[in-house]
Structures are given as structure tokens and as C-alpha cells.
$ cat structure-v3.cif   # mmCIF, C-alpha atoms
data_upload
loop_
_atom_site.label_atom_id
_atom_site.label_comp_id
_atom_site.auth_asym_id
_atom_site.auth_seq_id
_atom_site.Cartn_x
_atom_site.Cartn_y
_atom_site.Cartn_z
CA GLU A 127 -38.07 16.61 -3.66
CA THR A 128 -38.13 12.97 -4.81
CA GLY A 129 -39.31 11.38 -1.56
CA VAL A 130 -36.30 9.04 -1.56
CA THR A 131 -33.46 10.25 0.65
CA GLN A 132 -29.95 8.84 0.60
CA SER A 133 -27.07 9.38 3.01
CA PRO A 134 -24.31 10.31 3.01
CA THR A 135 -24.11 12.32 -0.23
CA HIS A 136 -20.37 11.80 -0.57
CA LEU A 137 -17.96 9.32 0.98
CA ILE A 138 -14.28 8.51 0.65
CA LYS A 139 -13.03 5.10 1.74
CA THR A 140 -9.76 3.20 1.56
CA ARG A 141 -9.40 -0.02 -0.40
CA GLY A 142 -10.23 -3.02 1.80
CA GLN A 143 -12.57 -1.11 4.08
CA GLN A 144 -16.29 -1.68 4.50
CA VAL A 145 -19.05 0.85 3.82
CA THR A 146 -22.76 1.18 4.61
CA LEU A 147 -24.99 3.40 2.51
CA ARG A 148 -28.50 4.32 3.62
CA CYS A 149 -31.78 5.02 1.92
CA SER A 150 -35.12 6.21 3.23
CA SER A 151 -38.13 5.62 0.98
CA GLN A 152 -41.63 7.04 0.95
CA SER A 153 -44.27 5.39 3.09
CA GLY A 154 -45.86 2.48 1.26
CA HIS A 155 -42.90 1.94 -1.08
CA ASN A 156 -42.24 -1.65 -0.08
CA THR A 157 -39.98 -2.41 -3.05
CA VAL A 158 -36.50 -0.94 -3.05
CA SER A 159 -33.68 -1.45 -5.52
CA TRP A 160 -30.03 -0.43 -5.48
CA TYR A 161 -28.03 0.55 -8.56
CA GLN A 162 -24.39 1.32 -9.23
CA GLN A 163 -23.64 4.05 -11.76
CA ALA A 164 -20.07 4.36 -12.96
CA LEU A 165 -18.99 7.66 -14.49
CA GLY A 166 -20.42 8.10 -17.97
CA GLN A 167 -22.56 4.96 -17.77
CA GLY A 168 -26.15 4.06 -17.11
CA PRO A 169 -27.12 2.60 -13.73
CA GLN A 170 -26.47 -1.12 -13.20
CA PHE A 171 -28.84 -3.19 -11.08
CA ILE A 172 -27.31 -4.54 -7.85
CA PHE A 173 -30.32 -6.09 -6.07
CA GLN A 174 -33.91 -5.55 -5.02
CA TYR A 175 -35.77 -6.04 -1.75
CA TYR A 176 -39.48 -6.62 -1.31
CA ARG A 177 -41.00 -6.74 2.16
CA GLU A 178 -37.54 -7.10 3.72
CA GLU A 179 -36.51 -10.05 1.57
CA GLU A 180 -34.05 -9.99 -1.34
CA ASN A 181 -36.00 -11.00 -4.46
CA GLY A 182 -33.57 -10.28 -7.28
CA ARG A 183 -29.86 -9.76 -7.80
CA GLY A 184 -27.66 -8.50 -10.62
CA ASN A 185 -24.10 -9.52 -11.49
CA PHE A 186 -22.49 -8.31 -8.30
CA PRO A 187 -20.36 -10.41 -5.90
CA PRO A 188 -21.55 -11.45 -2.44
CA ARG A 189 -19.53 -8.69 -0.79
CA PHE A 190 -22.42 -6.45 -1.90
CA SER A 191 -25.26 -7.07 0.55
CA GLY A 192 -28.33 -5.26 1.74
CA LEU A 193 -31.07 -4.94 4.28
CA GLN A 194 -34.58 -3.52 4.18
CA PHE A 195 -36.42 -2.46 7.33
CA PRO A 196 -40.14 -2.24 8.18
CA ASN A 197 -39.99 1.57 8.25
CA TYR A 198 -39.21 1.67 4.48
CA SER A 199 -35.53 2.37 5.02
CA SER A 200 -32.77 0.20 3.58
CA GLU A 201 -29.02 -0.25 3.53
CA LEU A 202 -26.39 -1.26 1.02
CA ASN A 203 -23.25 -2.77 2.52
CA VAL A 204 -20.05 -3.32 0.60
CA ASN A 205 -17.17 -5.27 2.14
CA ALA A 206 -13.52 -5.39 1.07
CA LEU A 207 -13.81 -2.28 -1.06
CA GLU A 208 -12.00 -2.21 -4.39
CA LEU A 209 -10.97 0.79 -6.47
CA ASP A 210 -13.56 -0.17 -9.12
CA ASP A 211 -16.31 0.21 -6.54
CA SER A 212 -15.95 3.97 -6.93
CA ALA A 213 -19.30 5.09 -8.36
CA LEU A 214 -22.61 6.79 -7.68
CA TYR A 215 -24.89 4.42 -5.74
CA LEU A 216 -28.58 4.97 -6.32
CA CYS A 217 -31.54 3.77 -4.30
CA ALA A 218 -34.92 3.49 -6.03
CA SER A 219 -38.30 2.63 -4.59
CA ARG A 220 -41.82 2.14 -5.84
CA LEU A 221 -45.36 1.43 -4.77
CA PRO A 222 -46.75 -2.08 -5.30
CA SER A 223 -48.97 -0.79 -8.13
CA LEU A 224 -48.06 0.36 -11.63
CA GLY A 225 -45.45 3.05 -11.98
CA GLY A 226 -41.82 3.76 -12.49
CA TYR A 227 -39.23 3.77 -9.77
CA THR A 228 -38.42 6.97 -7.88
CA PHE A 229 -34.69 7.45 -7.46
CA GLY A 230 -32.79 9.18 -4.70
CA SER A 231 -29.97 11.64 -5.45
CA GLY A 232 -27.38 8.98 -4.74
CA THR A 233 -24.23 8.55 -2.70
CA ARG A 234 -20.95 9.29 -4.46
CA LEU A 235 -18.43 6.71 -3.18
CA THR A 236 -14.74 7.17 -3.89
CA VAL A 237 -12.36 4.34 -3.03
CA VAL A 238 -8.69 5.30 -2.79
CA GLY B 21 -23.51 -5.77 -17.27
CA GLN B 22 -26.34 -5.77 -19.81
CA GLN B 23 -27.31 -2.43 -21.28
CA LEU B 24 -29.59 -1.15 -23.97
CA ASN B 25 -28.17 0.51 -27.08
CA GLN B 26 -29.03 4.17 -26.85
CA SER B 27 -28.24 6.74 -29.53
CA PRO B 28 -26.95 9.24 -30.07
CA GLN B 29 -24.45 9.36 -27.22
CA SER B 30 -24.44 13.16 -27.29
CA MET B 31 -26.25 15.98 -29.03
CA PHE B 32 -25.38 19.65 -29.45
CA ILE B 33 -28.34 21.71 -30.60
CA GLN B 34 -29.64 25.26 -30.73
CA GLU B 35 -32.35 26.40 -28.40
CA GLY B 36 -35.75 25.91 -30.02
CA GLU B 37 -34.74 22.86 -32.05
CA ASP B 38 -36.47 19.50 -31.77
CA VAL B 39 -34.58 16.51 -30.37
CA SER B 40 -34.93 12.82 -31.07
CA MET B 41 -33.19 9.91 -29.38
CA ASN B 42 -33.82 6.18 -29.41
CA CYS B 43 -33.09 2.95 -27.67
CA THR B 44 -32.87 -0.59 -29.03
CA SER B 45 -32.54 -3.98 -27.41
CA SER B 46 -31.98 -7.56 -28.49
CA SER B 47 -34.52 -8.57 -25.85
CA ILE B 48 -38.24 -7.90 -25.63
CA PHE B 49 -39.39 -5.59 -22.89
CA ASN B 50 -42.90 -5.14 -21.55
CA THR B 51 -42.24 -1.72 -20.09
CA TRP B 52 -40.11 1.15 -21.37
CA LEU B 53 -39.20 4.13 -19.23
CA TRP B 54 -37.42 7.39 -20.00
CA TYR B 55 -35.46 9.21 -17.30
CA LYS B 56 -33.53 12.51 -17.15
CA GLN B 57 -30.52 12.94 -14.88
CA ASP B 58 -29.05 16.29 -13.88
CA PRO B 59 -25.52 16.59 -12.45
CA GLY B 60 -25.32 15.40 -8.86
CA GLU B 61 -28.87 14.04 -8.91
CA GLY B 62 -30.59 10.72 -9.42
CA PRO B 63 -32.63 9.95 -12.55
CA VAL B 64 -36.11 11.49 -12.67
CA LEU B 65 -38.90 9.65 -14.47
CA LEU B 66 -40.21 11.49 -17.55
CA ILE B 67 -42.47 9.00 -19.31
CA ALA B 68 -43.52 5.39 -18.73
CA LEU B 69 -44.79 3.14 -21.56
CA TYR B 70 -46.64 -0.11 -20.86
CA LYS B 71 -48.03 -1.33 -24.19
CA ALA B 72 -46.45 -2.05 -27.58
CA GLY B 73 -47.27 0.76 -30.02
CA GLU B 74 -48.20 3.15 -27.21
CA LEU B 75 -47.48 6.82 -27.87
CA THR B 76 -47.42 9.01 -24.76
CA SER B 77 -46.79 12.71 -24.25
CA ASN B 78 -45.71 14.74 -21.25
CA GLY B 79 -45.69 18.41 -22.20
CA ARG B 80 -43.06 18.89 -24.91
CA LEU B 81 -41.92 15.29 -24.54
CA THR B 82 -43.30 12.42 -26.60
CA ALA B 83 -42.23 8.80 -26.35
CA GLN B 84 -43.27 5.65 -28.17
CA PHE B 85 -43.07 1.96 -27.32
CA GLY B 86 -41.99 0.12 -30.47
CA ILE B 87 -44.29 -2.48 -32.02
CA THR B 88 -41.60 -5.16 -31.78
CA ARG B 89 -41.17 -4.32 -28.05
CA LYS B 90 -37.44 -4.07 -28.71
CA ASP B 91 -37.18 -0.33 -29.15
CA SER B 92 -38.43 3.04 -27.99
CA PHE B 93 -37.84 6.66 -28.90
CA LEU B 94 -38.11 9.99 -27.12
CA ASN B 95 -38.74 13.32 -28.84
CA ILE B 96 -38.40 16.75 -27.28
CA SER B 97 -39.99 19.63 -29.16
CA ALA B 98 -38.87 23.26 -29.05
CA SER B 99 -35.93 22.65 -26.70
CA ILE B 100 -35.21 25.11 -23.89
CA PRO B 101 -32.10 25.54 -21.70
CA SER B 102 -33.51 23.48 -18.81
CA ASP B 103 -33.69 20.44 -21.12
CA VAL B 104 -29.90 20.12 -20.75
CA GLY B 105 -28.92 16.89 -19.04
CA ILE B 106 -28.48 13.18 -19.63
CA TYR B 107 -31.44 11.15 -20.84
CA PHE B 108 -31.66 7.43 -20.14
CA CYS B 109 -33.98 4.80 -21.51
CA ALA B 110 -34.74 1.80 -19.33
CA GLY B 111 -36.48 -1.47 -20.07
CA GLN B 112 -38.30 -3.81 -17.74
CA TRP B 113 -39.33 -7.34 -18.66
CA GLU B 114 -42.53 -7.53 -16.70
CA GLU B 115 -44.47 -5.56 -14.17
CA GLY B 116 -42.94 -6.11 -10.76
CA ALA B 117 -39.81 -7.62 -12.26
CA GLN B 118 -36.65 -7.23 -10.31
CA LYS B 119 -34.71 -4.81 -12.36
CA LEU B 120 -34.49 -2.00 -14.87
CA VAL B 121 -31.96 -2.33 -17.68
CA PHE B 122 -30.58 1.07 -18.65
CA GLY B 123 -29.10 2.51 -21.81
CA GLN B 124 -25.77 4.33 -21.80
CA GLY B 125 -27.47 7.72 -21.89
CA THR B 126 -27.74 10.63 -24.33
CA ARG B 127 -26.05 13.84 -23.19
CA LEU B 128 -27.99 16.87 -24.46
CA THR B 129 -26.26 20.25 -24.72
CA ILE B 130 -28.16 23.34 -25.86
CA ASN B 131 -26.56 26.47 -27.28
CA PRO B 132 -28.65 29.55 -26.49
#

$ encode --input "structure-v3.cif" --output "C-alpha cells"
Amino acid sequence: ETGVTQSPTHLIKTRGQQVTLRCSSQSGHNTVSWYQQALGQGPQFIFQYYREEENGRGNFPPRFSGLQFPNYSSELNVNALELDDSALYLCASRLPSLGGYTFGSGTRLTVV
Amino acid sequence: GQQLNQSPQSMFIQEGEDVSMNCTSSSIFNTWLWYKQDPGEGPVLLIALYKAGELTSNGRLTAQFGITRKDSFLNISASIPSDVGIYFCAGQWEEGAQKLVFGQGTRLTINP
């Protein structure tokens, strides 16, 4: 039990569609990050939210967007899906103090 | 995207053997983290290192933060079957910084 819950666990979408992935963090974890993990690779940073504001972004296009809510939940939205978007999407959260990020089990997205 | 250089990419060992893997970077990091990922799961934090030269243990696991702040290693002593999985190093530039930079992972396979 990691305390970070992601839904759905698996998803299949068609190229060009839009998708919303969800994450629920532990209480008090006001920093949440999203990562994309392609098969056989390490996770790549997409963006981070702190107190409902985006405060950092990796090399991902604007069609990747997010939201963070006051109840420590968050969303990752991807528009105009491409085949290369197929990956495991990971949500990670942390407390404001020292400590590593706690990751969820991820959402496996397949774009066909 | 940017990644750390992690080696070896894979290891095949006998149960009971010791394991060593390392991570190098062209950039300085102020925090090094080691994660383990099982199939279908997100990465789980094993050890966090916050100071250059720091040597930290967690059971049979020992990790060190290199003096140059550009490298780290992880050792596993007396390996057991549940150690099987993919191990990732991750670097962070400063506490509270936006992102973790991950290595490509080391896949550990253990022959009983």
C-alpha cells in the first residue's frame, strides 16, 4: 500500500483522442509530479504541481496538461493522442519536508 | 529526455551472491535516490542520500553518495529471490526541486 492511488490501471485509446488520468495522494502531500515511463526506460518528468499551481515542467508539449485539487487529488490530461504516448504514467507525491517521492502503481496507456 | 548513466543494464546472479550497481551523471546532484520497481507497479523508494560522501544502509542494501556528487552506487548483500526486479537511481538538484532525473534501470535476475 503506497498511499498514492491511480486510476484507471489500464486504458486503450485511439490516436487523436483525449485522455484523463487520475491520482489520489496521501493527506498532506501537497506536491505532486507526473512521469511518463516508456517500456524498458526510466521515468521521464512531465510536470509538477505545488498547492494547485504548476511549478515545473519537463520536455513535453502543451497537449500534456494537469490539474491539482485541494483534496490532494490530481489529473493528467493528454490531448490529440499519438502512438508514442503509449506508456506507463506514474503519479508521485511527497510531503513538504525532506523525503523521497512516493509513487503510485501507474496507469498503462495504450494508443492504437 | 535527460537520463543518468546506470550500469549494468542487467545482471544474472545466483541466490546468495552480492550485487553492485552504479549511476553516473555529467551534472552535480544534491540528492540521490534508489528505487526498485516490480512488474506492474510503480517505483518504491529504497534509500535516499542527501550529503556527498554519505553511506546509508537499509537492511541488506547499502548506498553511497559520491564525493563529486556526480555518482552513486547501490550494493545488495546475500541476494534472495524477492530482490528480483528493476532498480533505478534518481538524482535531484536541490531539495524541493521540480523533478527527479532517472537512470535507465538495472534489471536483476536471480537463479535459485

$ residues_around --input "structure-v3.cif" --residues "Val237 of chain A" --least-positions-apart "3" --cutoff "7 Å" --atoms "only C-alpha atoms" --output "CSV table (one decimal) with C-alpha atoms, keeping the file's coordinate frame"
chain,number,residue,atom,x,y,z
A,138,ILE,CA,-14.3,8.5,0.6
A,139,LYS,CA,-13.0,5.1,1.7
A,140,THR,CA,-9.8,3.2,1.6
A,141,ARG,CA,-9.4,0.0,-0.4
A,208,GLU,CA,-12.0,-2.2,-4.4
A,209,LEU,CA,-11.0,0.8,-6.5
A,211,ASP,CA,-16.3,0.2,-6.5
A,212,SER,CA,-16.0,4.0,-6.9

$ resolve_selection --input "structure-v3.cif" --expression "the PyMOL selection byres ((chain A and resi 227) around 9)" --output "ChimeraX atom specification"
/A:158-159,218-221,225-226,228-229 /B:64-65

$ interface_residues --input "structure-v3.cif" --of "chain A" --to "chain B" --cutoff "6 Å" --atoms "only C-alpha atoms" --output "MDAnalysis selection string"
chainID A and resid 167:168 182 229:232

$ resolve_selection --input "structure-v3.cif" --expression "the PyMOL selection byres ((chain B and resi 76) around 12)" --output "JSON, numbers by chain"
{"B": [52, 53, 54, 66, 67, 68, 69, 70, 71, 72, 73, 74, 75, 77, 78, 79, 80, 81, 82, 83, 84, 85, 86, 92, 93, 94, 95]}

$ atom_distance --input "structure-v3.cif" --atom1 "atom CA of Gly184 of chain A" --atom2 "atom CA of Leu128 of chain B"
28.9 Å

$ closest_residue --input "structure-v3.cif" --among "B:Gly111, B:Thr129, B:Lys90, B:Pro101" --to "Ser47 of chain B" --atoms "only C-alpha atoms"
B:Lys90

$ residues_around --input "structure-v3.cif" --residues "segment 193-202 of chain A" --least-positions-apart "6" --cutoff "9 Å" --atoms "only C-alpha atoms" --output "number ranges by chain"
A: 145-158, 160, 175-180, 215, 217

$ atom_distance --input "structure-v3.cif" --atom1 "atom CA of Ile130 of chain B" --atom2 "atom CA of Gln26 of chain B"
19.2 Å

$ axis_aligned_box --input "structure-v3.cif" --around "segment 86-104 of chain B" --padding-each-side "4 Å" --output "lines of an AutoDock Vina configuration file"
center_x = -37.1
center_y = 10.2
center_z = -25.4
size_x = 22.4
size_y = 38.7
size_z = 21.2

$ atom_distance --input "structure-v3.cif" --atom1 "atom CA of Gly129 of chain A" --atom2 "atom CA of Gly166 of chain A"
25.2 Å

$ resolve_selection --input "structure-v3.cif" --expression "the PyMOL selection byres ((chain A and resi 213) around 7)" --output "PyMOL selection string"
chain A and resi 162-165+211-212+214-215+234-236

$ write_last_selection --input "structure-v3.cif" --atoms "C-alpha atoms" --output "mmCIF file, in the coordinates of the input"
data_model
loop_
_atom_site.group_PDB
_atom_site.id
_atom_site.type_symbol
_atom_site.label_atom_id
_atom_site.label_comp_id
_atom_site.auth_asym_id
_atom_site.auth_seq_id
_atom_site.Cartn_x
_atom_site.Cartn_y
_atom_site.Cartn_z
ATOM 1 C CA GLN A 162 -24.390 1.320 -9.230
ATOM 2 C CA GLN A 163 -23.640 4.050 -11.760
ATOM 3 C CA ALA A 164 -20.070 4.360 -12.960
ATOM 4 C CA LEU A 165 -18.990 7.660 -14.490
ATOM 5 C CA ASP A 211 -16.310 0.210 -6.540
ATOM 6 C CA SER A 212 -15.950 3.970 -6.930
ATOM 7 C CA LEU A 214 -22.610 6.790 -7.680
ATOM 8 C CA TYR A 215 -24.890 4.420 -5.740
ATOM 9 C CA ARG A 234 -20.950 9.290 -4.460
ATOM 10 C CA LEU A 235 -18.430 6.710 -3.180
ATOM 11 C CA THR A 236 -14.740 7.170 -3.890
#

$ closest_residue --input "structure-v3.cif" --among "B:Ser27, B:Trp113, B:Asn50, B:Pro132" --to "Ile100 of chain B" --atoms "all atoms listed in the file"
B:Pro132
